[in-house]
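Q: This one is target04.cif, mmCIF, C-alpha atoms.
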```
data_data
loop_
_atom_site.label_atom_id
_atom_site.label_comp_id
_atom_site.auth_asym_id
_atom_site.auth_seq_id
_atom_site.Cartn_x
_atom_site.Cartn_y
_atom_site.Cartn_z
CA MET A 1 2.04 10.71 -28.00
CA HIS A 2 1.87 6.93 -27.97
CA ARG A 3 -1.58 5.57 -27.14
CA GLU A 4 -2.26 1.94 -26.30
CA TRP A 5 -4.09 -0.06 -28.95
CA ASN A 6 -5.50 -3.62 -28.82
CA VAL A 7 -5.86 -3.50 -25.04
CA TRP A 8 -9.14 -5.43 -25.01
CA PRO A 9 -7.67 -8.80 -26.20
CA LYS A 10 -5.18 -8.65 -23.34
CA PHE A 11 -7.93 -7.67 -20.91
CA ILE A 12 -10.11 -10.72 -21.71
CA ASP A 13 -7.16 -13.14 -21.87
CA LYS A 14 -7.92 -15.88 -19.36
CA GLU A 15 -4.43 -15.87 -17.86
CA THR A 16 -4.73 -12.12 -17.23
CA ILE A 17 -8.17 -12.66 -15.69
CA ARG A 18 -6.80 -15.39 -13.43
CA LYS A 19 -3.96 -13.16 -12.28
CA ALA A 20 -6.35 -10.26 -11.65
CA ILE A 21 -8.61 -12.40 -9.45
CA LYS A 22 -5.63 -13.62 -7.42
CA ASN A 23 -4.32 -10.06 -7.03
CA ALA A 24 -7.72 -8.86 -5.86
CA ALA A 25 -7.87 -11.69 -3.30
CA LYS A 26 -4.57 -10.81 -1.62
CA GLY A 27 -5.15 -10.04 2.04
CA LYS A 28 -8.87 -10.86 1.77
CA LYS A 29 -8.93 -14.66 1.94
CA LYS A 30 -10.58 -14.54 5.34
CA TYR A 31 -13.86 -13.58 3.65
CA ARG A 32 -16.15 -16.43 2.67
CA LYS A 33 -17.09 -14.98 -0.72
CA VAL A 34 -13.44 -14.61 -1.68
CA ARG A 35 -12.66 -18.20 -0.69
CA LYS A 36 -15.66 -19.41 -2.68
CA VAL A 37 -14.37 -17.70 -5.83
CA LEU A 38 -10.86 -19.11 -5.33
CA ARG A 39 -12.13 -22.65 -4.76
CA ASN A 40 -13.84 -22.51 -8.16
CA LEU A 41 -11.21 -20.39 -9.88
CA ASP A 42 -11.57 -21.93 -13.35
CA LYS A 43 -15.33 -21.51 -13.24
CA SER A 44 -14.94 -17.91 -12.04
CA VAL A 45 -12.52 -17.14 -14.88
CA ASP A 46 -14.97 -18.55 -17.45
CA LEU A 47 -17.83 -16.53 -15.91
CA PHE A 48 -15.70 -13.35 -15.97
CA TYR A 49 -14.81 -13.98 -19.62
CA GLU A 50 -18.44 -14.55 -20.56
CA MET A 51 -19.62 -11.39 -18.79
CA MET A 52 -17.04 -9.27 -20.60
CA THR A 53 -17.46 -10.74 -24.09
CA THR A 54 -21.27 -10.65 -24.03
CA GLY A 55 -21.52 -7.17 -22.49
CA ALA A 56 -23.39 -8.49 -19.46
CA PHE A 57 -21.10 -6.76 -16.96
CA LYS A 58 -22.67 -3.89 -15.07
CA PRO A 59 -20.78 -2.44 -12.09
CA SER A 60 -22.45 -2.68 -8.72
CA PRO A 61 -23.42 0.52 -6.92
CA TYR A 62 -21.04 1.78 -4.27
CA THR A 63 -21.97 1.17 -0.64
CA SER A 64 -20.70 3.43 2.12
CA CYS A 65 -18.57 1.24 4.36
CA PHE A 66 -17.71 3.57 7.28
CA MET A 67 -16.48 7.04 8.16
CA LYS A 68 -12.79 7.27 9.00
CA THR A 69 -11.29 10.18 10.93
CA GLU A 70 -7.53 10.46 10.51
CA TYR A 71 -5.47 13.39 11.79
CA GLY A 72 -8.55 15.58 12.01
CA LYS A 73 -9.81 14.73 8.50
CA GLU A 74 -13.06 12.84 8.05
CA ARG A 75 -13.24 10.50 5.05
CA GLU A 76 -16.08 8.34 3.80
CA ILE A 77 -14.88 4.90 2.72
CA PHE A 78 -16.75 3.06 -0.05
CA LYS A 79 -16.61 -0.56 -1.13
CA LEU A 80 -17.59 -2.78 -4.03
CA PRO A 81 -18.22 -6.55 -4.21
CA PHE A 82 -15.12 -8.69 -4.70
CA PHE A 83 -16.40 -10.48 -7.80
CA PRO A 84 -16.57 -9.26 -10.45
CA ASP A 85 -16.14 -5.56 -9.59
CA ARG A 86 -12.80 -5.53 -7.80
CA ALA A 87 -11.44 -8.21 -10.12
CA VAL A 88 -12.36 -6.03 -13.13
CA GLN A 89 -10.45 -3.08 -11.68
CA HIS A 90 -7.36 -5.22 -11.06
CA ASP A 91 -7.59 -6.48 -14.63
CA VAL A 92 -7.69 -2.88 -15.91
CA SER A 93 -4.62 -2.14 -13.79
CA LEU A 94 -2.69 -5.05 -15.28
CA CYS A 95 -3.40 -3.81 -18.79
CA LEU A 96 -2.96 -0.02 -18.45
CA ARG A 97 -0.79 0.61 -15.38
CA PRO A 98 2.50 0.27 -17.36
CA ARG A 99 1.36 2.99 -19.79
CA TRP A 100 0.18 5.25 -16.97
CA THR A 101 3.45 4.81 -15.07
CA GLN A 102 5.45 5.58 -18.20
CA ALA A 103 3.71 8.96 -18.49
CA MET A 104 4.42 9.98 -14.88
CA THR A 105 7.42 12.12 -14.00
CA SER A 106 10.09 11.02 -11.54
CA ASP A 107 8.82 13.59 -9.01
CA THR A 108 5.81 11.59 -7.78
CA TYR A 109 6.20 8.64 -5.45
CA ALA A 110 2.91 7.27 -4.07
CA CYS A 111 1.14 4.11 -5.34
CA ILE A 112 3.74 3.48 -8.03
CA GLN A 113 5.72 0.24 -8.07
CA GLY A 114 9.42 0.76 -7.47
CA ARG A 115 9.00 4.17 -5.83
CA GLY A 116 8.43 5.32 -2.28
CA ILE A 117 9.52 7.46 0.64
CA ASN A 118 12.62 5.35 1.35
CA CYS A 119 13.12 3.49 -1.93
CA ASN A 120 16.50 1.84 -2.55
CA ILE A 121 16.74 3.55 -5.95
CA ALA A 122 17.88 7.11 -5.17
CA ARG A 123 16.04 8.59 -8.16
CA TYR A 124 12.70 7.32 -6.84
CA SER A 125 13.29 7.86 -3.11
CA LEU A 126 11.47 10.92 -1.79
CA SER A 127 13.49 11.38 1.41
CA LYS A 128 16.84 11.00 -0.38
CA LYS A 129 15.93 13.56 -3.05
CA VAL A 130 14.80 16.15 -0.49
CA LYS A 131 18.03 15.67 1.47
CA ARG A 132 20.07 15.96 -1.73
CA VAL A 133 18.49 19.32 -2.51
CA LEU A 134 19.09 20.69 0.98
CA ASN A 135 22.71 19.45 0.94
CA ARG A 136 23.64 21.14 -2.34
CA GLY A 137 26.81 23.19 -2.14
CA ARG A 138 25.29 26.22 -3.82
CA TYR A 139 22.75 26.48 -0.97
CA ARG A 140 25.35 26.60 1.82
CA GLY A 141 24.77 29.79 3.77
CA VAL A 142 21.67 30.63 1.71
CA GLN A 143 18.21 30.96 3.20
CA LEU A 144 15.88 28.48 1.50
CA TYR A 145 12.10 28.76 1.31
CA CYS A 146 9.42 26.12 0.86
CA TRP A 147 5.99 26.24 -0.71
CA LYS A 148 3.70 23.56 0.64
CA GLY A 149 0.13 22.88 -0.45
CA ASP A 150 -2.36 20.20 -1.30
CA ILE A 151 -5.64 19.86 -3.15
CA ARG A 152 -8.82 20.32 -1.14
CA LYS A 153 -10.78 17.05 -0.88
CA CYS A 154 -8.70 15.62 -3.68
CA TYR A 155 -10.57 12.37 -4.39
CA PRO A 156 -14.22 13.52 -4.15
CA THR A 157 -13.62 16.67 -6.24
CA VAL A 158 -12.06 14.96 -9.27
CA ASP A 159 -13.93 15.94 -12.46
CA ASN A 160 -14.98 12.70 -14.15
CA GLU A 161 -15.08 14.44 -17.54
CA VAL A 162 -11.43 15.42 -17.15
CA LEU A 163 -10.56 11.83 -16.20
CA ALA A 164 -12.44 10.49 -19.24
CA ARG A 165 -10.45 12.86 -21.48
CA LEU A 166 -7.17 11.71 -19.93
CA ASN A 167 -8.10 8.06 -20.40
CA ARG A 168 -8.35 8.79 -24.13
CA LYS A 169 -4.92 10.37 -23.98
CA TYR A 170 -3.31 7.04 -23.07
CA CYS A 171 -5.65 4.51 -24.72
CA LYS A 172 -7.43 4.42 -28.09
CA ASP A 173 -9.06 0.99 -27.90
CA PRO A 174 -12.79 1.86 -28.23
CA VAL A 175 -14.03 -1.23 -26.35
CA MET A 176 -11.61 -0.62 -23.47
CA LEU A 177 -12.54 3.07 -23.34
CA GLU A 178 -16.20 2.11 -23.08
CA LEU A 179 -15.40 -0.05 -20.04
CA LEU A 180 -13.31 2.75 -18.48
CA ASP A 181 -16.22 5.16 -18.89
CA ILE A 182 -18.57 2.66 -17.22
CA LEU A 183 -16.21 2.42 -14.24
CA ASN A 184 -15.56 6.16 -14.19
CA PHE A 185 -19.22 7.25 -14.22
CA ASN A 186 -20.46 4.34 -12.10
CA ASP A 187 -23.51 5.07 -9.95
CA GLY A 188 -23.63 8.67 -11.18
CA CYS A 189 -21.30 9.79 -8.40
CA ARG A 190 -18.87 12.69 -8.77
CA GLY A 191 -15.19 12.17 -8.09
CA LEU A 192 -13.23 9.09 -7.14
CA PRO A 193 -14.57 7.00 -4.24
CA ILE A 194 -12.04 6.45 -1.45
CA GLY A 195 -11.52 2.70 -1.08
CA ASN A 196 -11.82 2.03 -4.80
CA PHE A 197 -8.75 0.22 -6.15
CA LEU A 198 -8.51 2.29 -9.34
CA SER A 199 -8.94 5.59 -7.45
CA GLN A 200 -5.33 5.67 -6.25
CA LEU A 201 -4.10 5.06 -9.80
CA TRP A 202 -6.48 7.48 -11.48
CA ILE A 203 -5.60 10.31 -9.08
CA ASN A 204 -1.99 9.97 -10.23
CA VAL A 205 -3.16 10.07 -13.86
CA VAL A 206 -5.02 13.33 -13.19
CA LEU A 207 -2.23 14.99 -11.20
CA THR A 208 0.41 13.99 -13.76
CA GLU A 209 -0.97 16.89 -15.82
CA LEU A 210 -0.01 19.21 -12.96
CA ASP A 211 3.44 17.60 -12.68
CA ARG A 212 4.18 18.19 -16.34
CA TYR A 213 2.90 21.76 -16.21
CA VAL A 214 5.15 22.55 -13.23
CA LYS A 215 8.24 20.85 -14.68
CA GLU A 216 7.88 21.71 -18.38
CA VAL A 217 6.13 25.10 -18.39
CA LEU A 218 7.10 26.69 -15.09
CA LYS A 219 10.56 25.02 -15.17
CA VAL A 220 10.52 24.33 -11.43
CA GLU A 221 13.67 22.46 -10.44
CA HIS A 222 12.91 21.16 -6.92
CA TYR A 223 9.35 19.86 -7.05
CA PHE A 224 7.97 16.90 -5.08
CA ARG A 225 4.50 15.34 -5.00
CA TYR A 226 3.33 12.55 -2.72
CA MET A 227 -0.25 11.83 -3.82
CA ASP A 228 -1.84 15.30 -3.50
CA ASP A 229 0.73 16.79 -1.07
CA ILE A 230 3.07 19.10 -2.99
CA VAL A 231 6.36 20.71 -1.90
CA ILE A 232 8.54 23.14 -3.86
CA ILE A 233 11.94 24.33 -2.57
CA SER A 234 13.65 27.50 -3.79
CA ASP A 235 15.93 30.30 -2.60
CA ASP A 236 13.62 32.94 -4.13
CA LYS A 237 10.54 33.65 -1.99
CA HIS A 238 8.91 35.92 -4.58
CA GLN A 239 9.30 33.24 -7.26
CA LEU A 240 7.49 30.77 -5.00
CA HIS A 241 4.55 33.15 -4.63
CA GLU A 242 4.35 33.53 -8.39
CA TRP A 243 4.44 29.76 -8.89
CA GLN A 244 1.73 29.36 -6.27
CA TRP A 245 -0.57 31.71 -8.17
CA ARG A 246 0.01 29.95 -11.49
CA ILE A 247 -0.47 26.48 -9.96
CA MET A 248 -3.75 27.64 -8.41
CA ASN A 249 -4.97 28.82 -11.80
CA PHE A 250 -3.94 25.59 -13.53
CA VAL A 251 -5.63 23.39 -10.94
CA TRP A 252 -8.79 25.50 -11.09
CA TYR A 253 -9.14 25.98 -14.87
CA GLU A 254 -7.60 22.76 -16.20
CA LEU A 255 -8.33 20.14 -13.53
CA HIS A 256 -11.47 21.82 -12.12
CA GLN A 257 -10.23 21.47 -8.56
CA GLU A 258 -8.77 23.90 -6.04
CA LEU A 259 -5.90 24.11 -3.60
CA ASN A 260 -6.38 23.89 0.14
CA GLU A 261 -6.47 27.19 2.00
CA LYS A 262 -3.55 25.99 4.18
CA ARG A 263 -1.07 26.52 1.34
CA GLN A 264 1.80 28.80 2.31
CA VAL A 265 5.39 29.89 1.72
CA PHE A 266 7.74 29.77 4.71
CA PRO A 267 11.50 29.86 5.42
CA ILE A 268 13.10 26.47 6.09
CA GLY A 269 14.54 26.40 9.61
CA THR A 270 18.04 25.36 10.57
CA HIS A 271 17.26 23.65 13.91
CA ARG A 272 14.34 22.08 15.76
CA LEU A 273 13.20 25.33 17.38
CA GLN A 274 12.42 26.66 13.91
CA ARG A 275 10.06 25.29 11.29
CA GLY A 276 11.25 22.51 9.00
CA ILE A 277 9.59 20.78 6.07
CA ASP A 278 7.09 18.41 7.66
CA TYR A 279 6.65 15.99 4.78
CA ALA A 280 6.17 12.24 4.23
CA GLY A 281 6.74 11.28 7.87
CA TYR A 282 9.89 13.34 8.41
CA VAL A 283 10.85 16.92 9.27
CA PHE A 284 13.74 18.27 7.15
CA PHE A 285 15.96 21.14 8.33
CA HIS A 286 18.49 23.08 6.25
CA GLU A 287 21.67 23.66 8.21
CA HIS A 288 23.94 26.24 6.63
CA GLN A 289 27.28 24.78 7.66
CA ARG A 290 26.51 21.07 7.95
CA LYS A 291 24.45 18.47 6.13
CA CYS A 292 20.67 18.42 6.16
CA HIS A 293 19.26 17.44 9.55
CA THR A 294 16.25 15.09 9.46
CA ARG A 295 13.94 14.21 12.34
CA VAL A 296 10.96 11.90 12.68
CA ARG A 297 7.50 13.43 12.60
CA LYS A 298 6.26 13.91 16.16
CA ARG A 299 3.20 11.67 15.93
CA ASN A 300 5.35 8.86 14.51
CA LYS A 301 7.75 9.29 17.39
CA LYS A 302 4.91 9.03 19.90
CA ALA A 303 3.59 5.91 18.20
CA PHE A 304 7.10 4.39 18.31
CA ALA A 305 7.38 5.06 22.04
CA LYS A 306 3.93 3.61 22.66
CA ARG A 307 4.63 0.35 20.79
CA ARG A 308 8.28 -0.13 21.76
CA HIS A 309 7.53 -3.32 23.72
CA ASN A 310 5.69 -5.00 20.83
CA PRO A 311 8.21 -7.15 18.91
CA LEU A 312 5.95 -7.08 15.82
CA SER A 313 5.81 -3.27 15.64
CA VAL A 314 9.41 -2.39 16.46
CA PRO A 315 11.00 -3.52 13.14
CA SER A 316 8.63 -1.36 11.07
CA TYR A 317 9.52 1.72 13.12
CA ILE A 318 13.20 0.83 12.89
CA GLY A 319 12.76 0.93 9.12
CA ILE A 320 11.51 4.53 9.49
CA VAL A 321 14.02 5.93 11.96
CA LYS A 322 17.12 4.42 10.35
CA HIS A 323 16.69 6.86 7.42
CA CYS A 324 16.95 9.96 9.63
CA ASP A 325 19.00 11.42 12.49
CA ALA A 326 17.31 9.58 15.38
CA ARG A 327 20.14 8.07 17.41
CA ASN A 328 19.10 9.77 20.65
CA LEU A 329 15.47 8.78 20.11
CA THR A 330 16.25 5.11 19.61
CA ASP A 331 18.78 5.03 22.46
CA ARG A 332 16.16 6.40 24.85
CA ILE A 333 13.27 4.21 23.70
CA ILE A 334 15.05 0.88 23.12
CA ARG A 335 17.66 -0.16 25.67
CA GLN A 336 19.44 -3.39 26.41
CA ASP A 337 18.27 -3.51 30.01
CA ASN A 338 15.57 -5.90 31.16
CA GLY A 339 16.72 -8.40 28.56
CA ARG A 340 15.37 -6.44 25.58
CA MET A 341 17.26 -6.18 22.32
CA ASN A 342 19.04 -2.91 21.61
CA ILE A 343 18.84 -0.85 18.46
CA ALA A 344 22.10 -2.14 16.99
CA GLU A 345 20.95 -5.75 17.16
CA LEU A 346 17.56 -4.92 15.65
CA MET A 347 19.12 -2.99 12.77
CA ALA A 348 21.61 -5.81 12.23
CA GLN A 349 18.69 -8.20 11.89
CA GLN A 350 17.06 -5.89 9.38
CA GLY A 351 20.26 -5.69 7.39
CA ASN A 352 20.74 -9.47 7.35
CA GLY A 353 17.22 -10.04 6.09
CA MET A 354 16.08 -11.79 9.30
CA LYS A 355 12.39 -11.68 10.07
CA ILE A 356 10.45 -11.82 13.29
CA GLU A 357 7.89 -14.59 13.10
CA ARG A 358 4.34 -13.41 13.52
CA PRO A 359 2.06 -15.45 15.84
CA PHE A 360 -0.72 -17.55 14.40
CA GLU A 361 -4.10 -15.85 14.09
CA GLY A 362 -7.40 -16.67 15.75
CA ASP A 363 -8.26 -18.54 18.94
CA LYS A 364 -6.59 -21.69 20.16
CA ILE A 365 -8.95 -24.65 20.11
CA LYS A 366 -8.67 -28.26 21.22
CA ILE A 367 -7.96 -30.84 18.58
CA GLU A 368 -11.00 -32.84 19.70
CA GLN A 369 -13.23 -30.14 18.24
CA VAL A 370 -11.97 -30.70 14.70
CA VAL A 371 -11.73 -34.50 14.62
CA ASP A 372 -13.66 -35.92 11.64
CA ARG A 373 -14.37 -32.36 10.40
CA LEU A 374 -13.12 -30.60 7.26
CA ILE A 375 -10.27 -28.13 7.86
CA ASP A 376 -7.72 -26.23 5.75
CA VAL A 377 -4.10 -26.28 6.94
CA LEU A 378 -2.73 -22.75 6.36
CA ASP A 379 0.60 -22.91 8.18
CA PHE A 380 2.46 -24.99 10.73
CA GLU A 381 5.54 -25.10 12.92
CA VAL A 382 7.18 -28.30 14.15
CA ARG A 383 9.91 -28.01 16.80
CA PRO A 384 11.48 -30.20 19.48
CA SER A 385 9.34 -30.42 22.59
CA ASP A 386 10.56 -28.57 25.67
CA LYS A 387 8.84 -30.99 28.07
CA LYS A 388 9.36 -34.46 26.56
CA PRO A 389 12.76 -35.33 25.07
CA ASN A 390 12.94 -37.01 21.65
CA THR A 391 9.43 -35.80 20.77
CA ASP A 392 8.08 -32.94 18.69
CA TYR A 393 5.65 -30.11 19.38
CA LEU A 394 3.21 -28.98 16.69
CA LYS A 395 1.62 -25.58 16.27
CA MET A 396 -0.75 -25.53 13.30
CA GLN A 397 -2.75 -22.66 11.78
CA ILE A 398 -6.04 -23.92 10.36
CA ARG A 399 -9.23 -22.58 8.88
CA PHE A 400 -12.24 -24.20 10.55
CA GLU A 401 -15.86 -23.24 9.87
CA GLY A 402 -14.71 -20.18 7.92
CA ARG A 403 -12.53 -18.78 10.73
CA LYS A 404 -8.82 -18.92 11.45
CA ARG A 405 -7.87 -20.99 14.51
CA PHE A 406 -4.74 -22.76 15.68
CA ILE A 407 -3.94 -26.04 17.39
CA GLY A 408 -0.97 -26.83 19.62
CA GLY A 409 0.25 -30.09 21.10
CA GLY A 410 2.57 -33.08 20.86
CA TYR A 411 0.78 -35.00 18.12
CA GLN A 412 3.56 -37.18 16.78
CA PHE A 413 1.74 -38.69 13.77
CA LEU A 414 0.81 -35.19 12.59
CA CYS A 415 4.37 -33.97 13.20
CA ASP A 416 5.93 -36.84 11.25
CA PHE A 417 3.74 -36.10 8.24
CA LEU A 418 4.07 -32.31 8.28
CA LYS A 419 7.88 -32.44 8.53
CA LYS A 420 7.84 -33.94 5.04
CA VAL A 421 5.52 -31.26 3.61
CA ASP A 422 7.01 -28.36 1.63
CA LYS A 423 5.32 -25.13 2.75
CA ARG A 424 5.22 -23.92 -0.84
CA PHE A 425 2.26 -26.27 -1.36
CA LEU A 426 0.21 -24.66 1.40
CA PRO A 427 -2.66 -24.34 2.03
CA LEU A 428 -3.73 -27.99 2.28
CA GLU A 429 -7.47 -27.86 1.72
CA ASN A 430 -10.24 -30.22 2.85
CA CYS A 431 -8.10 -32.17 5.32
CA ILE A 432 -9.64 -34.48 7.92
CA ILE A 433 -8.02 -35.43 11.23
CA ARG A 434 -8.85 -38.91 12.54
CA GLU A 435 -8.20 -40.45 15.95
CA LYS A 436 -7.10 -44.03 16.47
CA ARG A 437 -4.35 -44.53 19.07
CA GLY A 438 -3.29 -40.98 18.23
CA TYR A 439 -4.28 -38.14 15.92
CA TYR A 440 -3.38 -38.36 12.22
CA PHE A 441 -4.46 -37.02 8.83
CA GLU A 442 -6.84 -39.26 6.95
CA GLY A 443 -4.98 -41.41 4.44
CA THR A 444 -1.49 -40.86 5.90
CA ILE A 445 -1.27 -44.13 7.89
CA SER A 446 -2.91 -47.51 7.65
CA GLU A 447 -6.25 -47.48 9.46
CA GLU A 448 -6.49 -51.26 9.84
#
```
Can you present the structure in this file as structure tokens?

A:
Amino acid sequence: MHREWNVWPKFIDKETIRKAIKNAAKGKKKYRKVRKVLRNLDKSVDLFYEMMTTGAFKPSPYTSCFMKTEYGKEREIFKLPFFPDRAVQHDVSLCLRPRWTQAMTSDTYACIQGRGINCNIARYSLSKKVKRVLNRGRYRGVQLYCWKGDIRKCYPTVDNEVLARLNRKYCKDPVMLELLDILNFNDGCRGLPIGNFLSQLWINVVLTELDRYVKEVLKVEHYFRYMDDIVIISDDKHQLHEWQWRIMNFVWYELHQELNEKRQVFPIGTHRLQRGIDYAGYVFFHEHQRKCHTRVRKRNKKAFAKRRHNPLSVPSYIGIVKHCDARNLTDRIIRQDNGRMNIAELMAQQGNGMKIERPFEGDKIKIEQVVDRLIDVLDFEVRPSDKKPNTDYLKMQIRFEGRKRFIGGGYQFLCDFLKKVDKRFLPLENCIIREKRGYYFEGTISEE
């Protein structure tokens, strides 16, 4: 088996470090510490490089962030500092994720680039592959059975020794392996902390051993895994029970984990009054004479009905229901009455690549509050004014005193300047608004 060599030079390459810091900062620029690192990015890259080359890096201990209860399951979420800990993990991902992904089978779909529940590539789309199995001609008029199970407390029960052995299966760079062991055995805790960036990648590395055992040793044809949720479809109920017993043994003796007690084998129903495969947000039914019938999971349907009036939430739910048989659901929830858009128009917008603009974040403040003060311009919108003809109206998203705010008004000097600005150069940092017979950015007009 091919193992990666000379990973460390790529890991400490300054361009890789820069990319890792930017990746770690995505979606977190509202935090002051993240903005501080990005403002001094070159200095941060040099500090990161020095810590790694001198061996001064020591991971910070995990701190318990909060307890999250989701669908009756209670999970403890942990966090690490942004710099250097999260940046280090993103750097590891940039170097080793391609090798890890190469080792994974095509039957797993979560946290892997280019795969998903409704991926455009049929080979890596979970819902399409399940439907394809249920629609097979040889299963017409045949009762199908499903085995469904998952691993009990999957993340906290991972054996770190097993993970260390698997890291050596894909990498043989001794310096990189030393760093992986430091991250793996950090703080002396057992398992993978939920909230850790590498946890979602490492859990796939561990469970890839199960995937290969099921596909290569047991020769299971219709096997699907979404993170730790596993589904096997077969027309032989006794064979499913045998596979269940052998999978339990493999997980226990090889991975040092155990299956949840809710595992079971059940017949796949043919209509909604019977039991279908409740998996990955959908419920799949096997109809003997027609094609597979797919419905939306009940809690997703309730959430859709609850948020049907929110224009920001509707497109995401449309993206879910358009991959199943939900015409009656959408016709009942979204109607053309009361001036609201119907389902056909919304799906047409999705197909044409149109996007619904999201509102600016934060509180609206008066422009007088930011005059002669440092601000960062994050986004803006200039449009013709509805009240005064031949004038413009400005809506501008700014960062002021570390918080996102927005300003709105007919400030013509600001509008004239921003209409010439390409949004690809945003954000505009350390801007100052002055006032002299109108509001303007410092340096954009003559102040004499």

Q: As an exercise, work out the distance from CA of Tyr155 (chain A) to CA of Glu221 (chain A) in Å and give it to one decimal place.

A: 26.9 Å

Q: In terms of the shortest atom-to-atom distance over all atoms listed in the file, which of A:Gln239, A:Asn118, A:Gln244, A:Ser446 is closest to Arg434 (chain A)?

A: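 Among A:Gln239, A:Asn118, A:Gln244, A:Ser446, it is A:Ser446 that comes nearest to Arg434 (chain A).
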
Q: My list of candidates is A:Val265, A:Ile320, A:Val7, A:Leu418. Which is closest to Lys237 (chain A) when distances are computed with all atoms listed in the file?

A: A:Val265

Q: One decimal, in Å: what's the spacing between CA of Ile407 (chain A) and CA of Leu394 (chain A)?

A: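 Separation of CA of Ile407 (chain A) and CA of Leu394 (chain A): 7.8 Å.
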
Q: Take the PyMOL selection byres ((chain A and resi 385-392) around 7), apply it to the structure above, and return the hits as a list in words.

A: Val382, Arg383, Pro384, Tyr393, Leu394, Gly410, Gln412 and Cys415 of chain A

Q: Please expand the PyMOL selection byres ((chain A and resi 215) around 12) into the concrete residues it hits in this file, giving the result as a list in words.

A: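 What the PyMOL selection byres ((chain A and resi 215) around 12) grabs from the file is Met104, Thr105, Ser106, Asp107, Thr108, Thr208, Glu209, Leu210, Asp211, Arg212, Tyr213, Val214, Glu216, Val217, Leu218, Lys219, Val220, Glu221, His222, Tyr223, Phe224, Arg225, Ile232, Trp243 and Ile247 of chain A.
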
Q: For region 91-103 of chain A, work out the shell of residues within 10 Å, counting all atoms listed in the file and skipping chain neighbours fewer than 2 positions away, then give it as a PyMOL selection string.

A: chain A and resi 1-4+7-13+16-21+23-24+85-89+105-106+112-113+167+170-171+176+179-180+197-198+201-202+204-205+208-209+212

Q: Applied to the shown file, which residues does the PyMOL selection byres ((chain A and resi 182) around 12) return, written as a short mmCIF file (atom, residue, chain, number, x, y, z; two decimals) with C-alpha atoms, in the frame of the given file?

A:
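Dumped to selection.cif:
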```
data_model
loop_
_atom_site.label_atom_id
_atom_site.label_comp_id
_atom_site.auth_asym_id
_atom_site.auth_seq_id
_atom_site.Cartn_x
_atom_site.Cartn_y
_atom_site.Cartn_z
CA GLY A 55 -21.52 -7.17 -22.49
CA PHE A 57 -21.10 -6.76 -16.96
CA LYS A 58 -22.67 -3.89 -15.07
CA PRO A 59 -20.78 -2.44 -12.09
CA SER A 60 -22.45 -2.68 -8.72
CA PRO A 61 -23.42 0.52 -6.92
CA ASP A 85 -16.14 -5.56 -9.59
CA VAL A 88 -12.36 -6.03 -13.13
CA GLN A 89 -10.45 -3.08 -11.68
CA ASN A 160 -14.98 12.70 -14.15
CA ALA A 164 -12.44 10.49 -19.24
CA VAL A 175 -14.03 -1.23 -26.35
CA MET A 176 -11.61 -0.62 -23.47
CA LEU A 177 -12.54 3.07 -23.34
CA GLU A 178 -16.20 2.11 -23.08
CA LEU A 179 -15.40 -0.05 -20.04
CA LEU A 180 -13.31 2.75 -18.48
CA ASP A 181 -16.22 5.16 -18.89
CA LEU A 183 -16.21 2.42 -14.24
CA ASN A 184 -15.56 6.16 -14.19
CA PHE A 185 -19.22 7.25 -14.22
CA ASN A 186 -20.46 4.34 -12.10
CA ASP A 187 -23.51 5.07 -9.95
CA GLY A 188 -23.63 8.67 -11.18
CA CYS A 189 -21.30 9.79 -8.40
#
```

Q: Excluding region 365-375 of chain A and its own-chain neighbours fewer than 6 positions away, which residues fall within 9 Å of it when counting all atoms listed in the file? Please give them as a list of chain:residue names.

A: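 Near neighbours after the sequence-gap exclusion: A:Ile398, A:Arg399, A:Phe400, A:Glu401, A:Arg405, A:Phe406, A:Ile407, A:Gly408, A:Gly409, A:Leu428, A:Glu429, A:Asn430, A:Cys431, A:Ile432, A:Ile433, A:Arg434, A:Glu435, A:Tyr439, A:Glu442.
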
Q: Do you have the CA of Lys395 (chain A)-CA of Glu381 (chain A) distance handy?

A: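 It comes out at 5.2 Å.
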
Q: Is there a way to get, as an MDAnalysis selection string, all residues within 8 Å of the point (-15.0, 5.9, -3.9) in file coordinates, counting all atoms listed in the file?

A: chainID A and resid 62 77:79 155:156 191:196 199

Q: Counting only C-alpha atoms, what is within 12 Å of Arg299 (chain A), bar same-chain residues fewer than 6 positions away, as a list in words?

A: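 The residues that qualify are Tyr71, Asp278, Gly281, Tyr282, Val283, Ala305 and Lys306 of chain A.
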
Q: For Val321 (chain A), list every protein, DNA or RNA residue within 9 Å, evaluated using all atoms listed in the file, and leave out those in the same chain fewer than 6 positions away; present the list as a PyMOL selection string.

A: chain A and resi 295-296+301+327+329-330
